[in-house]
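Trainee: This one is model28.txt, compact mmCIF, C-alpha atoms.
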```
# COMPACT_ATOMS: atom_id res chain seq x y z
CA MET A 1 -2.17 5.38 14.32
CA ASN A 2 -4.95 3.06 15.42
CA PHE A 3 -5.48 -0.09 13.39
CA GLU A 4 -8.30 -1.39 15.58
CA PHE A 5 -11.86 -1.41 14.26
CA THR A 6 -14.69 -0.19 16.44
CA GLU A 7 -17.26 -2.60 17.82
CA GLU A 8 -19.80 -1.32 15.29
CA GLN A 9 -17.39 -1.78 12.37
CA ASN A 10 -16.65 -5.34 13.44
CA MET A 11 -20.38 -6.06 13.73
CA ILE A 12 -21.00 -4.72 10.21
CA ARG A 13 -18.13 -6.81 8.87
CA GLN A 14 -19.47 -9.96 10.54
CA SER A 15 -23.00 -9.27 9.35
CA ALA A 16 -21.79 -8.90 5.74
CA ARG A 17 -19.67 -12.05 6.08
CA ASP A 18 -22.58 -14.11 7.44
CA PHE A 19 -24.94 -12.86 4.74
CA ALA A 20 -22.47 -13.57 1.95
CA VAL A 21 -21.86 -17.16 3.08
CA ARG A 22 -25.51 -17.87 3.86
CA GLU A 23 -27.29 -16.15 0.97
CA LEU A 24 -24.82 -15.31 -1.81
CA LEU A 25 -22.44 -18.25 -2.00
CA PRO A 26 -25.13 -20.90 -2.62
CA GLY A 27 -26.08 -20.68 -6.27
CA VAL A 28 -23.44 -18.14 -7.27
CA ILE A 29 -21.92 -20.47 -9.88
CA GLU A 30 -25.32 -21.17 -11.43
CA ARG A 31 -26.21 -17.47 -11.51
CA ASP A 32 -22.88 -16.75 -13.20
CA GLU A 33 -23.44 -19.45 -15.84
CA LYS A 34 -26.97 -18.26 -16.60
CA ALA A 35 -26.13 -14.54 -16.27
CA GLU A 36 -29.02 -14.40 -13.81
CA PHE A 37 -29.44 -11.28 -11.67
CA PRO A 38 -29.57 -12.05 -7.90
CA THR A 39 -32.95 -10.36 -7.39
CA ALA A 40 -33.90 -12.04 -4.11
CA GLN A 41 -30.41 -11.58 -2.67
CA ILE A 42 -30.30 -7.87 -3.52
CA LYS A 43 -33.67 -7.40 -1.86
CA MET A 44 -32.32 -9.01 1.31
CA LEU A 45 -29.14 -6.92 1.06
CA ALA A 46 -31.34 -3.82 0.96
CA GLU A 47 -33.41 -4.97 3.92
CA LEU A 48 -30.18 -5.34 5.93
CA GLY A 49 -29.26 -1.74 5.10
CA PHE A 50 -26.28 -2.41 2.83
CA ILE A 51 -27.68 -0.56 -0.20
CA GLY A 52 -27.83 2.78 1.61
CA MET A 53 -25.36 2.20 4.40
CA MET A 54 -23.55 5.56 4.21
CA ALA A 55 -26.56 7.82 3.56
CA ASP A 56 -27.83 10.11 6.30
CA PRO A 57 -30.42 8.39 8.57
CA LYS A 58 -32.78 11.35 8.07
CA TYR A 59 -33.17 10.12 4.48
CA GLY A 60 -33.51 6.48 5.47
CA GLY A 61 -29.84 5.55 5.24
CA GLY A 62 -27.62 3.77 7.72
CA GLY A 63 -25.33 6.71 8.53
CA MET A 64 -22.29 4.42 8.54
CA ASP A 65 -18.73 5.49 7.79
CA THR A 66 -16.68 4.67 4.70
CA VAL A 67 -14.44 2.26 6.63
CA SER A 68 -17.51 0.14 7.45
CA TYR A 69 -18.49 0.27 3.79
CA VAL A 70 -15.06 -1.01 2.73
CA LEU A 71 -15.23 -3.86 5.25
CA ALA A 72 -18.69 -4.87 4.03
CA MET A 73 -17.71 -4.62 0.35
CA GLU A 74 -14.72 -6.91 0.94
CA GLU A 75 -16.87 -9.59 2.55
CA ILE A 76 -19.61 -9.49 -0.08
CA SER A 77 -17.09 -9.49 -2.96
CA LYS A 78 -15.33 -12.60 -1.66
CA HIS A 79 -18.32 -14.63 -2.77
CA ASP A 80 -20.43 -12.64 -5.25
CA SER A 81 -18.98 -9.61 -7.03
CA ALA A 82 -22.14 -9.17 -9.08
CA ALA A 83 -24.07 -8.42 -5.90
CA ALA A 84 -21.21 -6.28 -4.63
CA VAL A 85 -21.23 -4.02 -7.70
CA VAL A 86 -24.93 -3.25 -7.12
CA MET A 87 -24.02 -2.26 -3.59
CA SER A 88 -21.08 -0.18 -4.83
CA VAL A 89 -23.00 1.78 -7.48
CA CYS A 90 -25.87 2.53 -5.10
CA ASN A 91 -23.69 3.61 -2.18
CA SER A 92 -20.69 5.28 -3.81
CA LEU A 93 -22.13 6.85 -6.92
CA VAL A 94 -25.88 7.37 -6.77
CA ASN A 95 -26.67 7.90 -3.08
CA TRP A 96 -23.50 9.81 -2.26
CA GLY A 97 -23.79 12.03 -5.33
CA LEU A 98 -27.39 12.93 -4.54
CA GLU A 99 -26.73 13.55 -0.86
CA MET A 100 -23.63 15.64 -1.45
CA TYR A 101 -24.80 17.75 -4.39
CA GLY A 102 -28.60 17.41 -4.69
CA ASN A 103 -30.99 20.00 -3.30
CA GLU A 104 -33.43 19.21 -0.50
CA ALA A 105 -36.37 18.54 -2.83
CA GLN A 106 -34.27 16.08 -4.85
CA LYS A 107 -33.12 14.32 -1.71
CA GLU A 108 -36.67 13.95 -0.40
CA LYS A 109 -38.04 12.66 -3.70
CA TYR A 110 -35.16 10.49 -4.90
CA LEU A 111 -32.57 9.87 -2.19
CA ARG A 112 -35.04 8.69 0.44
CA PRO A 113 -36.29 5.59 -1.46
CA LEU A 114 -32.76 4.90 -2.73
CA ALA A 115 -31.13 5.12 0.70
CA SER A 116 -33.73 2.82 2.23
CA GLY A 117 -33.15 0.27 -0.51
CA GLU A 118 -36.74 0.53 -1.67
CA LYS A 119 -35.40 1.54 -5.07
CA ILE A 120 -32.13 0.97 -6.95
CA GLY A 121 -30.12 3.62 -8.78
CA ALA A 122 -27.77 3.68 -11.77
CA PHE A 123 -24.98 6.06 -12.85
CA LEU A 124 -24.92 6.78 -16.59
CA LEU A 125 -21.59 8.21 -17.73
CA SER A 126 -19.90 5.84 -20.20
CA GLU A 127 -20.75 6.00 -23.90
CA PRO A 128 -19.64 4.10 -27.02
CA ASP A 129 -17.12 6.88 -27.75
CA ALA A 130 -16.68 8.28 -24.24
CA GLY A 131 -15.34 5.73 -21.79
CA SER A 132 -12.09 6.87 -20.22
CA ASP A 133 -12.47 10.26 -21.95
CA ALA A 134 -15.50 11.46 -19.99
CA THR A 135 -15.21 14.97 -21.45
CA SER A 136 -16.41 13.72 -24.86
CA GLN A 137 -20.09 13.27 -24.08
CA ARG A 138 -22.23 12.64 -27.18
CA THR A 139 -25.46 12.31 -25.20
CA THR A 140 -27.12 15.71 -25.36
CA ALA A 141 -29.44 17.52 -22.97
CA GLU A 142 -30.91 20.35 -25.02
CA ASP A 143 -32.20 23.25 -22.93
CA LYS A 144 -35.88 23.79 -23.76
CA GLY A 145 -36.67 26.35 -21.08
CA ASP A 146 -38.32 24.48 -18.22
CA TYR A 147 -37.04 21.07 -19.31
CA TYR A 148 -34.14 19.32 -21.08
CA LEU A 149 -34.58 17.09 -24.11
CA VAL A 150 -32.16 14.18 -23.80
CA ASN A 151 -30.89 12.15 -26.76
CA GLY A 152 -28.04 9.66 -27.03
CA THR A 153 -26.72 6.29 -25.88
CA LYS A 154 -25.02 5.20 -22.67
CA ASN A 155 -23.37 1.83 -22.41
CA TRP A 156 -21.90 -0.58 -19.84
CA ILE A 157 -24.54 0.65 -17.38
CA THR A 158 -24.69 -1.36 -14.16
CA ASN A 159 -28.22 -1.70 -12.72
CA ALA A 160 -29.69 -0.43 -16.00
CA HIS A 161 -32.71 -2.73 -15.86
CA CYS A 162 -33.30 -3.06 -12.13
CA ALA A 163 -32.86 0.65 -11.35
CA SER A 164 -35.73 3.09 -10.98
CA THR A 165 -33.56 6.21 -10.93
CA TYR A 166 -30.83 7.19 -13.37
CA LEU A 167 -28.16 9.85 -12.86
CA VAL A 168 -27.35 10.87 -16.43
CA ILE A 169 -24.32 12.89 -17.53
CA ALA A 170 -25.09 14.78 -20.77
CA GLN A 171 -23.76 17.66 -22.87
CA THR A 172 -25.89 20.83 -22.98
CA ASP A 173 -23.46 23.32 -24.53
CA PRO A 174 -20.76 21.71 -26.72
CA ALA A 175 -19.02 25.08 -27.17
CA LYS A 176 -18.18 25.06 -23.47
CA LYS A 177 -16.78 21.50 -23.70
CA HIS A 178 -16.65 19.89 -20.24
CA LYS A 179 -18.02 23.07 -18.64
CA GLY A 180 -21.21 22.60 -20.67
CA ILE A 181 -22.02 19.18 -19.22
CA ASN A 182 -24.93 18.64 -16.83
CA ALA A 183 -25.98 15.89 -14.42
CA LEU A 184 -29.68 15.03 -14.55
CA ILE A 185 -31.93 12.82 -12.44
CA VAL A 186 -34.03 10.76 -14.84
CA ASP A 187 -36.86 8.37 -14.03
CA LYS A 188 -36.19 5.07 -15.79
CA ASP A 189 -39.83 4.74 -16.90
CA SER A 190 -39.75 8.09 -18.74
CA PRO A 191 -41.08 7.88 -22.32
CA GLY A 192 -38.30 7.54 -24.88
CA ILE A 193 -35.95 5.32 -22.84
CA THR A 194 -35.12 1.87 -24.22
CA LEU A 195 -32.59 -0.71 -23.08
CA GLY A 196 -30.27 -2.85 -25.16
CA PRO A 197 -29.86 -6.58 -24.46
CA HIS A 198 -28.12 -7.82 -21.35
CA GLU A 199 -24.38 -7.77 -22.04
CA ASN A 200 -22.84 -11.24 -22.35
CA LYS A 201 -19.78 -10.55 -20.23
CA MET A 202 -16.63 -12.51 -19.40
CA GLY A 203 -17.07 -12.00 -15.65
CA MET A 204 -19.62 -10.60 -13.18
CA ARG A 205 -22.07 -12.15 -15.59
CA SER A 206 -25.06 -11.93 -13.30
CA SER A 207 -24.71 -8.18 -12.80
CA ASP A 208 -27.33 -6.11 -14.62
CA THR A 209 -25.46 -4.49 -17.52
CA HIS A 210 -27.14 -2.90 -20.55
CA SER A 211 -26.87 -0.02 -22.98
CA VAL A 212 -29.49 2.69 -22.43
CA MET A 213 -30.87 4.72 -25.33
CA PHE A 214 -32.57 8.12 -24.99
CA ASN A 215 -34.87 9.37 -27.72
CA ASP A 216 -36.35 12.84 -27.03
CA VAL A 217 -36.63 12.14 -23.29
CA LYS A 218 -38.06 15.13 -21.40
CA VAL A 219 -36.36 15.82 -18.07
CA PRO A 220 -37.68 18.66 -15.87
CA LYS A 221 -35.17 21.44 -15.24
CA GLU A 222 -35.73 20.87 -11.51
CA ASN A 223 -33.99 17.49 -11.94
CA ARG A 224 -30.64 19.05 -12.79
CA ILE A 225 -28.06 18.53 -10.05
CA GLY A 226 -26.23 21.73 -9.17
CA GLU A 227 -25.75 24.76 -11.36
CA ASP A 228 -25.73 24.71 -15.15
CA GLY A 229 -22.44 23.14 -16.33
CA PHE A 230 -21.73 21.34 -13.05
CA GLY A 231 -22.14 17.85 -14.53
CA PHE A 232 -18.52 17.02 -15.30
CA THR A 233 -17.33 18.11 -11.86
CA PHE A 234 -20.19 16.12 -10.33
CA ALA A 235 -19.11 12.99 -12.21
CA MET A 236 -15.43 13.32 -11.29
CA LYS A 237 -16.09 14.05 -7.61
CA THR A 238 -18.51 11.14 -7.40
CA LEU A 239 -16.09 8.74 -9.06
CA GLU A 240 -13.41 9.60 -6.50
CA GLY A 241 -15.52 7.88 -3.86
CA GLY A 242 -16.64 5.18 -6.27
CA ARG A 243 -13.05 4.09 -6.68
CA ILE A 244 -12.90 3.25 -2.99
CA GLY A 245 -15.82 0.88 -3.46
CA ILE A 246 -14.29 -0.83 -6.49
CA ALA A 247 -10.91 -1.05 -4.74
CA ALA A 248 -12.66 -2.83 -1.86
CA GLN A 249 -14.39 -5.09 -4.36
CA ALA A 250 -11.06 -5.99 -5.96
CA LEU A 251 -9.65 -6.64 -2.49
CA GLY A 252 -12.54 -8.97 -1.69
CA ILE A 253 -12.06 -10.89 -4.93
CA ALA A 254 -8.38 -11.36 -4.10
CA VAL A 255 -9.15 -12.48 -0.55
CA GLY A 256 -11.77 -14.93 -1.76
CA ALA A 257 -9.29 -16.53 -4.16
CA TYR A 258 -6.46 -16.54 -1.60
CA GLU A 259 -8.56 -18.19 1.12
CA ARG A 260 -9.68 -20.91 -1.27
CA ALA A 261 -6.13 -21.50 -2.49
CA LEU A 262 -4.80 -21.62 1.07
CA GLN A 263 -7.41 -24.17 2.13
CA TYR A 264 -6.86 -26.27 -0.99
CA SER A 265 -3.08 -26.29 -0.46
CA LYS A 266 -3.58 -27.79 2.99
CA GLU A 267 -5.77 -30.59 1.62
CA ARG A 268 -4.21 -31.50 -1.70
CA LYS A 269 -1.27 -33.91 -1.51
CA ALA A 270 1.53 -34.37 -4.03
CA PHE A 271 4.89 -36.15 -3.69
CA GLY A 272 3.90 -37.50 -0.30
CA THR A 273 2.84 -34.31 1.46
CA GLU A 274 0.33 -31.47 1.36
CA ILE A 275 1.28 -29.07 -1.43
CA CYS A 276 1.52 -26.15 1.02
CA ASN A 277 4.70 -27.81 2.27
CA HIS A 278 6.34 -27.36 -1.12
CA GLN A 279 8.26 -24.10 -1.32
CA ALA A 280 6.92 -23.32 -4.80
CA VAL A 281 3.39 -23.19 -3.39
CA ALA A 282 4.27 -21.73 0.02
CA PHE A 283 6.07 -18.78 -1.58
CA LYS A 284 3.08 -18.09 -3.82
CA LEU A 285 0.85 -17.96 -0.75
CA ALA A 286 3.31 -15.64 1.02
CA ASP A 287 3.35 -13.22 -1.92
CA MET A 288 -0.45 -13.30 -2.12
CA ALA A 289 -0.80 -12.54 1.59
CA VAL A 290 1.55 -9.55 1.41
CA LYS A 291 -0.18 -8.07 -1.63
CA ILE A 292 -3.60 -8.46 -0.04
CA GLU A 293 -2.46 -6.76 3.16
CA ASN A 294 -1.02 -3.85 1.20
CA ALA A 295 -4.23 -3.50 -0.82
CA ARG A 296 -6.35 -3.59 2.33
CA ASN A 297 -4.27 -0.85 3.95
CA LEU A 298 -4.60 1.36 0.85
CA CYS A 299 -8.37 0.84 0.81
CA LEU A 300 -8.74 1.62 4.49
CA LYS A 301 -6.51 4.69 4.25
CA ALA A 302 -8.63 6.13 1.43
CA ALA A 303 -11.79 5.37 3.40
CA TRP A 304 -10.37 6.94 6.56
CA LEU A 305 -9.35 10.10 4.72
CA LYS A 306 -12.86 10.42 3.29
CA ASP A 307 -14.39 9.94 6.74
CA GLN A 308 -12.08 12.61 8.17
CA GLY A 309 -13.12 15.12 5.52
CA LYS A 310 -9.60 15.16 4.09
CA SER A 311 -8.60 15.00 0.42
CA TYR A 312 -8.83 11.40 -0.77
CA ALA A 313 -8.63 11.64 -4.58
CA LEU A 314 -5.03 10.44 -4.74
CA ALA A 315 -5.56 7.74 -2.11
CA SER A 316 -8.64 6.36 -3.85
CA SER A 317 -6.83 6.16 -7.20
CA MET A 318 -3.86 4.43 -5.57
CA ALA A 319 -6.16 1.99 -3.81
CA LYS A 320 -8.10 1.12 -6.97
CA LEU A 321 -4.98 0.79 -9.13
CA TYR A 322 -3.14 -1.47 -6.70
CA ALA A 323 -6.12 -3.52 -5.49
CA ALA A 324 -7.28 -4.20 -9.05
CA ASP A 325 -3.81 -5.25 -10.18
CA ILE A 326 -3.20 -7.56 -7.24
CA ALA A 327 -6.69 -9.04 -7.63
CA MET A 328 -5.67 -10.14 -11.12
CA GLU A 329 -2.34 -11.48 -9.86
CA VAL A 330 -3.75 -13.28 -6.82
CA THR A 331 -6.65 -14.90 -8.65
CA THR A 332 -4.31 -16.12 -11.40
CA GLU A 333 -2.02 -17.68 -8.82
CA ALA A 334 -5.00 -19.22 -7.04
CA VAL A 335 -5.97 -20.98 -10.26
CA GLN A 336 -2.36 -22.16 -10.62
CA ILE A 337 -2.26 -23.56 -7.08
CA HIS A 338 -5.47 -25.49 -7.77
CA GLY A 339 -3.94 -26.93 -10.93
CA GLY A 340 -6.50 -28.60 -13.18
CA TYR A 341 -9.20 -28.16 -10.55
CA GLY A 342 -8.71 -24.42 -10.73
CA TYR A 343 -9.78 -24.49 -14.35
CA VAL A 344 -13.24 -25.89 -13.57
CA LYS A 345 -16.12 -23.89 -12.21
CA GLU A 346 -16.94 -25.75 -9.02
CA TYR A 347 -13.80 -24.49 -7.25
CA HIS A 348 -14.78 -20.82 -7.78
CA VAL A 349 -11.28 -19.49 -8.49
CA GLU A 350 -11.70 -19.35 -12.28
CA ARG A 351 -14.81 -17.19 -11.74
CA LEU A 352 -12.93 -14.92 -9.38
CA MET A 353 -10.15 -14.54 -11.94
CA ARG A 354 -12.69 -13.48 -14.57
CA GLU A 355 -14.27 -11.04 -12.14
CA ALA A 356 -10.91 -9.54 -11.16
CA LYS A 357 -10.25 -8.37 -14.70
CA LEU A 358 -13.17 -5.97 -14.71
CA THR A 359 -11.86 -4.12 -11.66
CA GLN A 360 -8.92 -2.97 -13.82
CA ILE A 361 -11.37 -1.51 -16.33
CA TYR A 362 -14.52 0.05 -14.86
CA GLU A 363 -14.86 3.27 -12.84
CA GLY A 364 -11.58 4.43 -14.34
CA THR A 365 -9.14 2.01 -15.99
CA SER A 366 -5.79 1.30 -14.40
CA GLU A 367 -4.25 3.58 -17.02
CA VAL A 368 -6.57 6.43 -15.99
CA GLN A 369 -5.58 5.90 -12.35
CA LYS A 370 -1.93 6.28 -13.35
CA ILE A 371 -2.79 9.56 -15.08
CA VAL A 372 -4.51 10.82 -11.92
CA ILE A 373 -1.66 9.69 -9.68
CA SER A 374 1.12 11.02 -11.90
CA ARG A 375 -0.53 14.42 -12.30
CA THR A 376 -0.85 14.70 -8.53
CA VAL A 377 2.70 13.65 -7.65
CA LEU A 378 4.19 15.85 -10.37
CA LYS A 379 2.58 18.88 -8.72
CA ASP A 380 4.62 18.32 -5.57
```
The structure given in the file should be rewritten as structure tokens.
Mentor:
Amino acid sequence: MNFEFTEEQNMIRQSARDFAVRELLPGVIERDEKAEFPTAQIKMLAELGFIGMMADPKYGGGGMDTVSYVLAMEEISKHDSAAAVVMSVCNSLVNWGLEMYGNEAQKEKYLRPLASGEKIGAFLLSEPDAGSDATSQRTTAEDKGDYYLVNGTKNWITNAHCASTYLVIAQTDPAKKHKGINALIVDKDSPGITLGPHENKMGMRSSDTHSVMFNDVKVPKENRIGEDGFGFTFAMKTLEGGRIGIAAQALGIAVGAYERALQYSKERKAFGTEICNHQAVAFKLADMAVKIENARNLCLKAAWLKDQGKSYALASSMAKLYAADIAMEVTTEAVQIHGGYGYVKEYHVERLMREAKLTQIYEGTSEVQKIVISRTVLKD
């Protein structure tokens, strides 16, 4: 086993770290308060190659490995999870799904501008009545011969407003249940698409989250990904990789809170000494450090398995489940270590705690991860 990163991986990590501190950290509290999307910062992130970092260079991507992606996601998430989730959706869900399962014409038309960061993508799976139960799609894609007619509502859609390209999961043949679901590439400016208001969220407030409504939207048959009925499989396979990205995001949130708590504990004095010298605080920091290291190892293992072409479904679910849970634990303890200061915005840890909660919910709740994991281990 080799735990050393390559020179290129270390360079990517440092580049992401420098960018996050220089461009994302300043103003992140204000953007969170105003629920303001980091437009300029995302543009710079794209120019640096972080929006399409794993896509094949022949389509304008960076051709980087998943380990590099995890390292970059951790660094970005330490300071601005709203920017990190844009990076995650584009890399893990949209670009990877198109490159892995799209045909050559689809890759040339859609993947190329997405991989280069010229355009942003969104993944439309969740619905008002189909969140964790992705088999119960109410959005329909009626087969009209040479096109599909799409009707329905998707909600909790990240990048809904800023994206140019949507990957939409919709039901074509209800009698076939999940085998009648298709995945369609839809241009956001297609007639019949309307967006709901920006969601007023507890955390990651500056991420671009809306409901998307489809009213008789025509989608050319050539925009279907894979064979008829492949949509559910497409969604599940894509989410397996997406969970690595969200696990890395949760890890970054935890690290950001831990580093701030550690620094604060060395500066804040109580009872005649820095509070890090009190066992009650020192033991909290020790527990936080162990949990973070475990989460990082799970994330990197899942990424390594994916890079090696090995099965990573179980590893990605384990990584997301554990990293999300420890992100919640670590951020809560970071607020506690800060005391009253942790409860005010300028110290960042209350924001990180709010952001951590979402990692237990989206791209498969913690309960869904336990279903995936238990089903796998019970087969053995």
Trainee: Determine, counting only C-alpha atoms, which protein, DNA and RNA residues have an atom within 12 Å of an atom of A:Phe234; residues of the same chain fewer than 4 positions away are not included. Present the result as a PyMOL selection string.
Mentor: chain A and resi 93-94+96-102+123+125+134+167-170+178-179+181-184+224-230+238-241
Trainee: Can you write out the residues you just picked, keeping C-alpha atoms, as a JSON list (two decimals), keeping the file's coordinate frame?
Mentor:
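Below is the file that was written, again-v6.json:
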```
[["chain", "number", "residue", "atom", "x", "y", "z"],
["A", 93, "LEU", "CA", -22.13, 6.85, -6.92],
["A", 94, "VAL", "CA", -25.88, 7.37, -6.77],
["A", 96, "TRP", "CA", -23.50, 9.81, -2.26],
["A", 97, "GLY", "CA", -23.79, 12.03, -5.33],
["A", 98, "LEU", "CA", -27.39, 12.93, -4.54],
["A", 99, "GLU", "CA", -26.73, 13.55, -0.86],
["A", 100, "MET", "CA", -23.63, 15.64, -1.45],
["A", 101, "TYR", "CA", -24.80, 17.75, -4.39],
["A", 102, "GLY", "CA", -28.60, 17.41, -4.69],
["A", 123, "PHE", "CA", -24.98, 6.06, -12.85],
["A", 125, "LEU", "CA", -21.59, 8.21, -17.73],
["A", 134, "ALA", "CA", -15.50, 11.46, -19.99],
["A", 167, "LEU", "CA", -28.16, 9.85, -12.86],
["A", 168, "VAL", "CA", -27.35, 10.87, -16.43],
["A", 169, "ILE", "CA", -24.32, 12.89, -17.53],
["A", 170, "ALA", "CA", -25.09, 14.78, -20.77],
["A", 178, "HIS", "CA", -16.65, 19.89, -20.24],
["A", 179, "LYS", "CA", -18.02, 23.07, -18.64],
["A", 181, "ILE", "CA", -22.02, 19.18, -19.22],
["A", 182, "ASN", "CA", -24.93, 18.64, -16.83],
["A", 183, "ALA", "CA", -25.98, 15.89, -14.42],
["A", 184, "LEU", "CA", -29.68, 15.03, -14.55],
["A", 224, "ARG", "CA", -30.64, 19.05, -12.79],
["A", 225, "ILE", "CA", -28.06, 18.53, -10.05],
["A", 226, "GLY", "CA", -26.23, 21.73, -9.17],
["A", 227, "GLU", "CA", -25.75, 24.76, -11.36],
["A", 228, "ASP", "CA", -25.73, 24.71, -15.15],
["A", 229, "GLY", "CA", -22.44, 23.14, -16.33],
["A", 230, "PHE", "CA", -21.73, 21.34, -13.05],
["A", 238, "THR", "CA", -18.51, 11.14, -7.40],
["A", 239, "LEU", "CA", -16.09, 8.74, -9.06],
["A", 240, "GLU", "CA", -13.41, 9.60, -6.50],
["A", 241, "GLY", "CA", -15.52, 7.88, -3.86]]
```
Trainee: Determine, using only C-alpha atoms, which residues of stretch 215-262 of chain A have any atom at most 10 Å from an atom of stretch 328-350 of chain A, and tabulate each with its shortest atom pair and distance in Å to one decimal place, rows ordered by chain and then rising number, as a Markdown table.
Mentor:
```
| residue | atom | partner | partner_atom | distance |
| --- | --- | --- | --- | --- |
| A:Ala250 | CA | A:Met328 | CA | 8.5 |
| A:Leu251 | CA | A:Val330 | CA | 9.9 |
| A:Ile253 | CA | A:Thr331 | CA | 7.7 |
| A:Ala254 | CA | A:Val330 | CA | 5.7 |
| A:Val255 | CA | A:Val330 | CA | 8.3 |
| A:Gly256 | CA | A:Val349 | CA | 8.1 |
| A:Ala257 | CA | A:Thr331 | CA | 5.5 |
| A:Tyr258 | CA | A:Ala334 | CA | 6.2 |
| A:Glu259 | CA | A:Ala334 | CA | 9.0 |
| A:Arg260 | CA | A:Val349 | CA | 7.5 |
| A:Ala261 | CA | A:Ala334 | CA | 5.2 |
| A:Leu262 | CA | A:Ala334 | CA | 8.5 |
```
Trainee: Just give me the residues with any atom within 12 Å of (-28.1, -17.5, -6.3), file coordinates, counting only C-alpha atoms, written as an MDAnalysis selection string.
Mentor: chainID A and resid 20:42 79:80 82:83 206:207
Trainee: Draw an axis-aligned box over all listed atoms of stretch 373-376 of chain A, pad each side with 4 Å, and write its centre and edge lengths in Å, one decimal, as AutoDock Vina command-line options.
Mentor:
```
--center_x -0.3 --center_y 12.2 --center_z -10.4 --size_x 10.8 --size_y 13.0 --size_z 11.8
```
Trainee: Determine, counting all atoms listed in the file, which protein, DNA and RNA residues have an atom within 9 Å of an atom of A:Thr359; residues of the same chain fewer than 6 positions away are not included. Present the result as a PDB file with C-alpha atoms, in the frame of the given file.
Mentor:
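Output contents, as saved in part_7.pdb:
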```pdb
ATOM      1  CA  ILE A 246     -14.290  -0.830  -6.490  1.00  0.00           C
ATOM      2  CA  ALA A 247     -10.910  -1.050  -4.740  1.00  0.00           C
ATOM      3  CA  GLN A 249     -14.390  -5.090  -4.360  1.00  0.00           C
ATOM      4  CA  ALA A 250     -11.060  -5.990  -5.960  1.00  0.00           C
ATOM      5  CA  LYS A 320      -8.100   1.120  -6.970  1.00  0.00           C
ATOM      6  CA  LEU A 321      -4.980   0.790  -9.130  1.00  0.00           C
ATOM      7  CA  ALA A 323      -6.120  -3.520  -5.490  1.00  0.00           C
ATOM      8  CA  ALA A 324      -7.280  -4.200  -9.050  1.00  0.00           C
ATOM      9  CA  ASP A 325      -3.810  -5.250 -10.180  1.00  0.00           C
ATOM     10  CA  ALA A 327      -6.690  -9.040  -7.630  1.00  0.00           C
ATOM     11  CA  MET A 328      -5.670 -10.140 -11.120  1.00  0.00           C
ATOM     12  CA  THR A 365      -9.140   2.010 -15.990  1.00  0.00           C
ATOM     13  CA  SER A 366      -5.790   1.300 -14.400  1.00  0.00           C
TER      14      SER A 366
END
```
Trainee: I'd like the contact shell of stretch 129-133 of chain A - 10 Å cut-off, all atoms listed in the file, skipping same-chain residues fewer than 5 positions apart - returned as a list in words.
Mentor: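 With the cut-off at 10 Å, the set is Arg138, Thr139, Thr153, Lys154, Asn155, Trp156, Ile361, Tyr362, Glu363, Gly364, Thr365, Glu367 and Val368 of chain A.
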Trainee: Take atom CA of A:Gly52 and atom CA of A:Phe214 and report the distance between them in Å, one decimal.
Mentor: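 Separation of atom CA of A:Gly52 and atom CA of A:Phe214: 27.5 Å.
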Trainee: Hey, what's within 12 Å of stretch 11-15 of chain A if we count all atoms listed in the file and toss same-chain stuff fewer than 5 positions away? As a ChimeraX atom specification, please?
Mentor: /A:5-6,20-23,45,48-50,53,62,64-76
Trainee: Would you fill out stretch 195-204 of chain A with N, CA and C atoms and return it as an mmCIF file, in the coordinates of the input?
Mentor:
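Listing of rebuild_31.cif after writing:
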```cif
data_model
loop_
_atom_site.group_PDB
_atom_site.id
_atom_site.type_symbol
_atom_site.label_atom_id
_atom_site.label_comp_id
_atom_site.auth_asym_id
_atom_site.auth_seq_id
_atom_site.Cartn_x
_atom_site.Cartn_y
_atom_site.Cartn_z
ATOM 1 N N LEU A 195 -33.793 -0.005 -23.511
ATOM 2 C CA LEU A 195 -32.590 -0.710 -23.080
ATOM 3 C C LEU A 195 -32.136 -1.704 -24.147
ATOM 4 N N GLY A 196 -30.834 -1.814 -24.304
ATOM 5 C CA GLY A 196 -30.270 -2.850 -25.160
ATOM 6 C C GLY A 196 -30.292 -4.179 -24.437
ATOM 7 N N PRO A 197 -29.873 -5.262 -25.095
ATOM 8 C CA PRO A 197 -29.860 -6.580 -24.460
ATOM 9 C C PRO A 197 -28.841 -6.647 -23.326
ATOM 10 N N HIS A 198 -29.069 -7.582 -22.436
ATOM 11 C CA HIS A 198 -28.120 -7.820 -21.350
ATOM 12 C C HIS A 198 -26.768 -8.192 -21.943
ATOM 13 N N GLU A 199 -25.715 -7.512 -21.494
ATOM 14 C CA GLU A 199 -24.380 -7.770 -22.040
ATOM 15 C C GLU A 199 -23.886 -9.154 -21.625
ATOM 16 N N ASN A 200 -23.362 -9.900 -22.588
ATOM 17 C CA ASN A 200 -22.840 -11.240 -22.350
ATOM 18 C C ASN A 200 -21.366 -11.117 -21.977
ATOM 19 N N LYS A 201 -21.097 -10.939 -20.695
ATOM 20 C CA LYS A 201 -19.780 -10.550 -20.230
ATOM 21 C C LYS A 201 -18.892 -11.755 -19.875
ATOM 22 N N MET A 202 -17.591 -11.499 -19.807
ATOM 23 C CA MET A 202 -16.630 -12.510 -19.400
ATOM 24 C C MET A 202 -16.787 -12.836 -17.915
ATOM 25 N N GLY A 203 -16.940 -11.821 -17.093
ATOM 26 C CA GLY A 203 -17.070 -12.000 -15.650
ATOM 27 C C GLY A 203 -18.183 -11.125 -15.098
ATOM 28 N N MET A 204 -18.487 -11.299 -13.817
ATOM 29 C CA MET A 204 -19.620 -10.600 -13.180
ATOM 30 C C MET A 204 -20.851 -10.706 -14.079
#
```
